[in-house]
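Quick look at query_10.cif (mmCIF, C-alpha atoms and all ligand atoms):
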```cif
data_work
#
loop_
_atom_site.label_atom_id
_atom_site.label_comp_id
_atom_site.auth_asym_id
_atom_site.auth_seq_id
_atom_site.Cartn_x
_atom_site.Cartn_y
_atom_site.Cartn_z
CA MET A 278 2.29 -3.13 -22.52
CA VAL A 279 2.96 -0.56 -19.84
CA ASP A 280 3.52 3.12 -20.64
CA THR A 281 3.50 4.54 -17.15
CA TYR A 282 4.05 3.17 -13.69
CA ASN A 283 2.95 4.86 -10.50
CA PHE A 284 3.24 3.65 -6.94
CA ASN A 285 2.83 5.08 -3.48
CA ALA A 286 6.21 5.38 -1.79
CA HIS A 287 4.21 6.52 1.26
CA LYS A 288 2.70 3.05 1.68
CA ALA A 289 5.42 0.46 2.22
CA MET A 290 8.55 2.42 1.39
CA LEU A 291 8.89 4.21 4.74
CA ILE A 292 8.31 7.71 3.31
CA ASN A 293 5.71 9.90 4.95
CA PHE A 294 2.49 10.94 3.24
CA ASP A 295 2.18 11.95 0.44
CA CYS A 296 4.65 10.69 -2.11
CA SER A 297 3.73 8.88 -5.35
CA PRO A 298 6.51 8.73 -7.93
CA MET A 299 5.45 8.13 -11.51
CA TRP A 300 7.64 6.73 -14.26
CA PHE A 301 7.02 7.31 -17.95
CA LYS A 302 8.25 4.92 -20.58
CA ASN A 303 8.71 7.99 -22.69
CA GLY A 304 8.40 11.28 -20.83
CA THR A 305 8.59 13.29 -24.03
CA THR A 306 5.34 11.76 -25.29
CA ALA A 307 3.56 12.76 -22.08
CA THR A 308 4.77 16.35 -22.22
CA LYS A 309 2.94 17.00 -25.45
CA TYR A 310 -0.40 16.75 -23.61
CA PHE A 311 0.49 19.14 -20.81
CA ASN A 312 3.00 21.47 -22.38
CA VAL A 313 2.14 25.13 -21.93
CA GLU A 314 4.61 27.80 -22.93
CA PRO A 315 3.43 31.22 -21.77
CA VAL A 316 6.01 33.96 -22.03
CA TYR A 317 6.25 34.36 -18.24
CA LEU A 318 7.45 30.74 -17.85
CA LYS A 319 10.15 30.89 -20.48
CA HIS A 320 13.71 30.65 -19.22
CA GLU A 321 17.19 30.32 -20.68
CA HIS A 322 17.83 26.76 -19.41
CA GLN A 323 14.87 25.22 -21.25
CA SER A 324 17.02 23.14 -23.57
CA VAL A 325 19.03 21.52 -20.76
CA ALA A 326 16.67 21.23 -17.74
CA SER A 327 13.63 18.93 -17.40
CA ASP A 328 10.50 20.91 -16.67
CA TYR A 329 8.35 18.58 -14.59
CA ARG A 330 5.42 20.92 -15.00
CA HIS A 331 5.07 19.48 -18.51
CA LEU A 332 4.09 16.10 -17.02
CA GLN A 333 0.87 17.23 -15.32
CA VAL A 334 -1.88 19.83 -15.41
CA ALA A 335 -0.64 21.93 -12.49
CA LEU A 336 2.47 24.05 -12.85
CA GLY A 337 3.42 23.96 -9.19
CA ARG A 338 3.87 21.08 -6.80
CA ARG A 339 5.40 20.31 -3.44
CA PHE A 340 9.03 19.25 -3.33
CA ARG A 341 8.22 15.64 -2.39
CA SER A 342 11.44 14.17 -3.70
CA LEU A 343 13.28 15.85 -0.82
CA LYS A 344 11.81 13.39 1.67
CA ILE A 345 12.80 10.43 -0.52
CA TRP A 346 16.31 11.85 -0.47
CA PHE A 347 16.29 12.09 3.33
CA VAL A 348 14.98 8.55 3.77
CA LEU A 349 17.59 7.25 1.32
CA ARG A 350 20.30 9.12 3.22
CA SER A 351 19.23 7.98 6.66
CA LEU A 352 18.32 4.34 5.86
CA GLY A 353 20.05 3.55 2.58
CA VAL A 354 18.70 1.39 -0.23
CA ASP A 355 19.70 -1.79 1.66
CA ASN A 356 17.55 -1.02 4.67
CA ILE A 357 14.54 -0.08 2.53
CA GLN A 358 14.93 -3.38 0.66
CA LYS A 359 15.27 -5.23 3.97
CA SER A 360 12.11 -3.61 5.27
CA LEU A 361 10.14 -4.51 2.11
CA ARG A 362 11.41 -8.11 2.29
CA LYS A 363 10.41 -8.32 5.95
CA GLN A 364 6.88 -7.08 5.18
CA ASN A 365 6.60 -9.67 2.41
CA GLU A 366 7.86 -12.46 4.69
CA GLN A 367 5.46 -11.49 7.47
CA ALA A 368 2.54 -11.43 5.05
CA ALA A 369 3.64 -14.87 3.81
CA LEU A 370 3.81 -16.03 7.44
CA PHE A 371 0.25 -14.83 8.03
CA ALA A 372 -0.93 -16.56 4.84
CA SER A 373 0.71 -19.85 5.85
CA LEU A 374 -0.74 -19.61 9.38
CA LEU A 375 -4.19 -19.05 7.84
CA ASN A 376 -3.77 -22.10 5.61
CA GLU A 377 -2.56 -24.28 8.49
CA ASP A 378 -5.41 -23.18 10.72
CA GLY A 379 -8.15 -23.76 8.15
CA THR A 380 -10.81 -21.39 9.55
CA PHE A 381 -10.15 -18.86 6.80
CA GLU A 382 -9.18 -19.05 3.15
CA LEU A 383 -7.12 -16.81 0.91
CA VAL A 384 -9.13 -14.96 -1.73
CA VAL A 385 -6.03 -14.44 -3.90
CA PRO A 386 -2.42 -15.52 -3.30
CA GLN A 387 -0.60 -13.32 -0.78
CA HIS A 388 1.33 -10.58 -2.54
CA LEU A 389 3.91 -8.19 -1.01
CA GLY A 390 2.60 -7.03 2.37
CA LEU A 391 -1.06 -7.74 1.69
CA VAL A 392 -3.14 -10.80 2.59
CA CYS A 393 -6.74 -10.98 1.29
CA PHE A 394 -8.80 -13.62 3.04
CA ARG A 395 -12.28 -14.55 4.25
CA ILE A 396 -14.07 -17.09 6.41
CA LYS A 397 -13.90 -20.42 4.59
CA ASN A 398 -17.27 -20.98 2.89
CA GLY A 399 -18.66 -17.96 4.81
CA THR A 400 -21.29 -15.61 3.42
CA ASN A 401 -20.57 -11.93 2.71
CA GLU A 402 -22.73 -11.06 5.73
CA ALA A 403 -20.69 -13.30 8.03
CA ASN A 404 -17.44 -11.76 6.77
CA GLU A 405 -18.83 -8.24 7.15
CA ALA A 406 -19.92 -9.03 10.71
CA LEU A 407 -16.46 -10.44 11.50
CA CYS A 408 -14.69 -7.38 10.08
CA LYS A 409 -16.92 -5.04 12.10
CA ALA A 410 -16.42 -7.06 15.30
CA VAL A 411 -12.62 -7.26 14.84
CA ASN A 412 -12.36 -3.51 14.38
CA GLU A 413 -14.66 -2.84 17.33
CA ASP A 414 -12.49 -5.14 19.43
CA ARG A 415 -9.68 -2.66 18.60
CA ARG A 416 -6.70 -4.96 19.18
CA ILE A 417 -6.03 -5.15 15.44
CA HIS A 418 -7.44 -3.17 12.52
CA LEU A 419 -8.49 -4.60 9.15
CA VAL A 420 -9.65 -2.80 6.02
CA PRO A 421 -12.08 -4.86 3.93
CA SER A 422 -12.74 -4.85 0.23
CA LYS A 423 -15.13 -6.35 -2.29
CA ALA A 424 -14.36 -7.77 -5.75
CA HIS A 425 -16.73 -9.55 -8.13
CA GLY A 426 -19.40 -9.42 -5.42
CA LEU A 427 -17.17 -11.15 -2.88
CA PHE A 428 -16.55 -9.35 0.43
CA PHE A 429 -13.18 -10.09 2.02
CA LEU A 430 -10.82 -8.94 4.75
CA ARG A 431 -7.36 -7.48 4.17
CA LEU A 432 -4.39 -7.68 6.51
CA ALA A 433 -1.84 -5.10 5.40
CA ILE A 434 1.66 -5.01 6.84
CA CYS A 435 3.27 -1.61 6.38
CA SER A 436 5.18 -0.85 9.55
CA GLN A 437 8.85 -1.36 10.37
CA LEU A 438 7.81 -2.21 13.91
CA THR A 439 5.62 -5.24 13.09
CA THR A 440 7.02 -8.46 14.58
CA ASP A 441 6.29 -12.10 13.78
CA ASP A 442 4.54 -12.26 17.16
CA ASP A 443 2.19 -9.47 16.01
CA ILE A 444 1.29 -11.66 13.03
CA ARG A 445 0.48 -14.63 15.28
CA PHE A 446 -1.40 -12.28 17.60
CA ALA A 447 -3.51 -11.04 14.65
CA LEU A 448 -4.65 -14.57 13.84
CA LYS A 449 -5.34 -15.26 17.52
CA VAL A 450 -7.57 -12.15 17.73
CA LEU A 451 -9.36 -13.08 14.51
CA LYS A 452 -10.11 -16.57 15.80
CA GLU A 453 -11.24 -15.34 19.22
CA VAL A 454 -13.61 -12.76 17.72
CA PHE A 455 -14.88 -15.31 15.19
CA CYS A 456 -15.62 -17.84 17.98
CA GLU A 457 -17.41 -15.14 20.03
CA LEU A 458 -19.62 -14.29 17.04
CA ASN A 459 -20.45 -17.95 16.44
CA LYS A 460 -21.42 -18.41 20.10
CA ARG A 461 -23.84 -15.48 19.87
CA ASN A 462 -25.52 -16.76 16.69
C1 LIG B 1 -3.58 3.58 -0.96
C2 LIG B 1 -4.70 2.99 -1.66
C3 LIG B 1 -5.54 3.80 -2.41
C4 LIG B 1 -5.34 5.30 -2.51
O1 LIG B 1 -4.27 5.58 -3.30
P1 LIG B 1 -3.94 7.11 -3.69
O2 LIG B 1 -2.69 7.03 -4.48
O3 LIG B 1 -3.78 7.86 -2.39
O4 LIG B 1 -5.08 7.61 -4.48
C5 LIG B 1 -6.57 3.20 -3.08
N1 LIG B 1 -6.79 1.88 -3.00
C6 LIG B 1 -6.00 1.06 -2.29
C7 LIG B 1 -6.29 -0.43 -2.27
C8 LIG B 1 -4.93 1.57 -1.59
O5 LIG B 1 -4.15 0.76 -0.88
#
```

Any chance you could put this one into structure tokens?
Ligand SMILES: *Cc1c(COP(=O)(O)O)cnc(C)c1O
Amino acid sequence: MVDTYNFNAHKAMLINFDCSPMWFKNGTTATKYFNVEPVYLKHEHQSVASDYRHLQVALGRRFRSLKIWFVLRSLGVDNIQKSLRKQNEQAALFASLLNEDGTFELVVPQHLGLVCFRIKNGTNEANEALCKAVNEDRRIHLVPSKAHGLFFLRLAICSQLTTDDDIRFALKVLKEVFCELNKRN
């Protein structure tokens, strides 16, 4: 069961940093933990207006919803959806290219704009060395992670400007750097 849901609109949703909307299944339940009612914060609209300060420790916060409003106005829901679908399709393209090629393997199925992969049957050390070499090469940039002791590489697509050719280019760079490393060892 899920009571709250939080996600970073500043990641894939084309809104600039920082912006993390949070939904409550029942906002009233949450307010009971944070509700403070000093005299100086009392006002006459209390019964009709939502006081977002009751949903967190701090009383004040930046007006982040304004930038969501601007992005919605300038792009529209359709274009945001299109952009998310494109990121997903490009990540799926990268995953299928990886599978076809066979040098690497997916660590988990591709999901949204993220592809987690590693050298097929490679050690953690080999994958760490590859990640370091790819980032030093500087044509593409990967952020690695580790789960259950397994080190892996992550290709994240989060730009409107990424093309399918960029995706093919990323695999080409990975393979080139991997071959270079193998030659040296
Ligand atoms: C963005 C990101 C974070 C940081 O999230 P915050 O909401 O800024 O704390 C942590 N882990 C992963 C995998 C991320 O992509």

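Contacts with ligand LIG 1 (chain B) are defined as any residue atom within 12 Å of a ligand atom, using all atoms listed in the file; the residues meeting this criterion are Asn283, Phe284, Asn285, Ala286, His287, Lys288, Ala289, Phe294, Asp295, Cys296, Ser297, Pro298, Met299, Gly390, Leu391, Val392, Cys393, Val420, Pro421, Ser422, Lys423, Ala424, Leu430, Arg431, Leu432, Ala433, Ile434 and Cys435 of chain A.
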
> In Å, how far is it from atom CA of Val411 of chain A to atom CA of Asp378 of chain A?
Replying inline: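 Separation between atom CA of Val411 of chain A and atom CA of Asp378 of chain A: 18.0 Å.
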
>> To one decimal place in Å, what is the distance between atom CA of Leu448 of chain A and atom CA of Leu361 of chain A?
In response: 21.4 Å

> For Arg416 of chain A, which of A:Lys449, A:Lys397, A:His388, A:Arg350 is the closest residue, counting only C-alpha atoms?
Replying inline: A:Lys449

>> With distances taken over all atoms listed in the file, which residue among A:Leu352, A:Val313, A:Leu332, A:Ile396 lies nearest Leu451 of chain A?
In response: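 Nearest candidate to Leu451 of chain A out of A:Leu352, A:Val313, A:Leu332, A:Ile396: A:Ile396.
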
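With atom CA of Arg445 of chain A on one side and atom CA of Leu375 of chain A on the other, the separation reads 9.8 Å.
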
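Closest approach to Phe455 of chain A among A:Gln367, A:Thr308, A:Ser324, A:Asn404 is made by A:Asn404 (distances from only C-alpha atoms).
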
> Got a sec: who's within 12 Å of Lys302 of chain A, counting only C-alpha atoms, leaving out chain neighbours fewer than 6 positions off, as a list in words?
Replying inline: Met278, Val279, Asp280, Thr281, Tyr282 and Asn283 of chain A

>> Give me the residues near Ser436 of chain A as a PyMOL selection string, where near means some atom within 9 Å (using only C-alpha atoms) and where sequence neighbours in that chain fewer than 4 positions away do not count.
In response: chain A and resi 289+291+360+364

>> My list of candidates is A:Ala368, A:Arg341, A:Val334, A:Ser327. Which is closest to Tyr310 of chain A when distances are computed with all atoms listed in the file?
In response: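 That would be A:Val334, the residue with the smallest distance to Tyr310 of chain A.
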
>> Could you check the closest approach to His331 of chain A for each of A:Val348, A:Val385, A:Leu343, A:Ala307 and tell me which residue wins, using all atoms listed in the file?
In response: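 Comparing A:Val348, A:Val385, A:Leu343, A:Ala307 against His331 of chain A, the winner is A:Ala307.
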
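Nearest-residue note for Phe429 of chain A: choosing from A:Arg339, A:His322, A:Arg461, A:Arg395, the minimum distance belongs to A:Arg395, counting all atoms listed in the file.
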
Kindly complete segment 389-400 of chain A to all heavy atoms; the output should be written as an mmCIF file, keeping the file's coordinate frame.
```cif
data_model
loop_
_atom_site.group_PDB
_atom_site.id
_atom_site.type_symbol
_atom_site.label_atom_id
_atom_site.label_comp_id
_atom_site.auth_asym_id
_atom_site.auth_seq_id
_atom_site.Cartn_x
_atom_site.Cartn_y
_atom_site.Cartn_z
ATOM 1 N N LEU A 389 3.228 -9.238 -1.784
ATOM 2 C CA LEU A 389 3.910 -8.190 -1.010
ATOM 3 C C LEU A 389 3.402 -8.208 0.427
ATOM 4 O O LEU A 389 3.336 -9.271 1.031
ATOM 5 C CB LEU A 389 3.738 -6.828 -1.697
ATOM 6 C CG LEU A 389 4.311 -6.748 -3.127
ATOM 7 C CD1 LEU A 389 3.973 -5.408 -3.779
ATOM 8 C CD2 LEU A 389 5.810 -6.977 -3.145
ATOM 9 N N GLY A 390 2.995 -7.068 0.966
ATOM 10 C CA GLY A 390 2.600 -7.030 2.370
ATOM 11 C C GLY A 390 1.117 -7.229 2.601
ATOM 12 O O GLY A 390 0.609 -6.939 3.690
ATOM 13 N N LEU A 391 0.401 -7.687 1.584
ATOM 14 C CA LEU A 391 -1.060 -7.740 1.690
ATOM 15 C C LEU A 391 -1.593 -9.174 1.635
ATOM 16 O O LEU A 391 -1.199 -9.941 0.766
ATOM 17 C CB LEU A 391 -1.676 -6.924 0.544
ATOM 18 C CG LEU A 391 -3.190 -6.775 0.537
ATOM 19 C CD1 LEU A 391 -3.668 -5.916 1.707
ATOM 20 C CD2 LEU A 391 -3.671 -6.170 -0.779
ATOM 21 N N VAL A 392 -2.493 -9.485 2.588
ATOM 22 C CA VAL A 392 -3.140 -10.800 2.590
ATOM 23 C C VAL A 392 -4.656 -10.592 2.533
ATOM 24 O O VAL A 392 -5.242 -9.974 3.418
ATOM 25 C CB VAL A 392 -2.777 -11.617 3.850
ATOM 26 C CG1 VAL A 392 -3.356 -13.025 3.763
ATOM 27 C CG2 VAL A 392 -1.264 -11.695 4.032
ATOM 28 N N CYS A 393 -5.283 -11.089 1.467
ATOM 29 C CA CYS A 393 -6.740 -10.980 1.290
ATOM 30 C C CYS A 393 -7.344 -12.335 1.626
ATOM 31 O O CYS A 393 -6.995 -13.337 1.009
ATOM 32 C CB CYS A 393 -7.077 -10.600 -0.144
ATOM 33 S SG CYS A 393 -6.387 -9.007 -0.629
ATOM 34 N N PHE A 394 -8.265 -12.332 2.593
ATOM 35 C CA PHE A 394 -8.800 -13.620 3.040
ATOM 36 C C PHE A 394 -10.243 -13.453 3.498
ATOM 37 O O PHE A 394 -10.743 -12.333 3.629
ATOM 38 C CB PHE A 394 -7.939 -14.167 4.189
ATOM 39 C CG PHE A 394 -7.965 -13.299 5.431
ATOM 40 C CD1 PHE A 394 -8.780 -13.639 6.507
ATOM 41 C CD2 PHE A 394 -7.198 -12.147 5.513
ATOM 42 C CE1 PHE A 394 -8.822 -12.832 7.640
ATOM 43 C CE2 PHE A 394 -7.238 -11.334 6.641
ATOM 44 C CZ PHE A 394 -8.049 -11.679 7.707
ATOM 45 N N ARG A 395 -10.911 -14.573 3.739
ATOM 46 C CA ARG A 395 -12.280 -14.550 4.250
ATOM 47 C C ARG A 395 -12.568 -15.844 5.003
ATOM 48 O O ARG A 395 -11.759 -16.775 4.951
ATOM 49 C CB ARG A 395 -13.278 -14.303 3.119
ATOM 50 C CG ARG A 395 -13.371 -15.402 2.090
ATOM 51 C CD ARG A 395 -13.986 -14.913 0.770
ATOM 52 N NE ARG A 395 -15.228 -14.180 0.925
ATOM 53 C CZ ARG A 395 -16.433 -14.717 1.083
ATOM 54 N NH1 ARG A 395 -16.562 -16.030 1.097
ATOM 55 N NH2 ARG A 395 -17.505 -13.974 1.209
ATOM 56 N N ILE A 396 -13.675 -15.880 5.702
ATOM 57 C CA ILE A 396 -14.070 -17.090 6.410
ATOM 58 C C ILE A 396 -14.330 -18.176 5.361
ATOM 59 O O ILE A 396 -15.028 -17.925 4.370
ATOM 60 C CB ILE A 396 -15.384 -16.876 7.213
ATOM 61 C CG1 ILE A 396 -15.232 -15.703 8.192
ATOM 62 C CG2 ILE A 396 -15.798 -18.149 7.941
ATOM 63 C CD1 ILE A 396 -16.573 -15.161 8.698
ATOM 64 N N LYS A 397 -13.740 -19.347 5.575
ATOM 65 C CA LYS A 397 -13.900 -20.420 4.590
ATOM 66 C C LYS A 397 -15.388 -20.764 4.437
ATOM 67 O O LYS A 397 -16.077 -21.000 5.421
ATOM 68 C CB LYS A 397 -13.117 -21.660 5.043
ATOM 69 C CG LYS A 397 -12.893 -22.646 3.916
ATOM 70 C CD LYS A 397 -12.090 -23.850 4.380
ATOM 71 C CE LYS A 397 -10.644 -23.712 3.971
ATOM 72 N NZ LYS A 397 -9.811 -24.824 4.445
ATOM 73 N N ASN A 398 -15.862 -20.706 3.214
ATOM 74 C CA ASN A 398 -17.270 -20.980 2.890
ATOM 75 C C ASN A 398 -18.254 -20.059 3.615
ATOM 76 O O ASN A 398 -19.426 -20.406 3.779
ATOM 77 C CB ASN A 398 -17.636 -22.440 3.187
ATOM 78 C CG ASN A 398 -16.747 -23.400 2.419
ATOM 79 O OD1 ASN A 398 -16.438 -23.163 1.249
ATOM 80 N ND2 ASN A 398 -16.312 -24.467 3.073
ATOM 81 N N GLY A 399 -17.783 -18.907 4.097
ATOM 82 C CA GLY A 399 -18.660 -17.960 4.810
ATOM 83 C C GLY A 399 -19.404 -17.055 3.836
ATOM 84 O O GLY A 399 -18.933 -16.814 2.732
ATOM 85 N N THR A 400 -20.544 -16.545 4.254
ATOM 86 C CA THR A 400 -21.290 -15.610 3.420
ATOM 87 C C THR A 400 -20.648 -14.220 3.519
ATOM 88 O O THR A 400 -19.855 -13.964 4.425
ATOM 89 C CB THR A 400 -22.749 -15.477 3.915
ATOM 90 O OG1 THR A 400 -22.696 -15.010 5.285
ATOM 91 C CG2 THR A 400 -23.495 -16.791 3.843
#
```
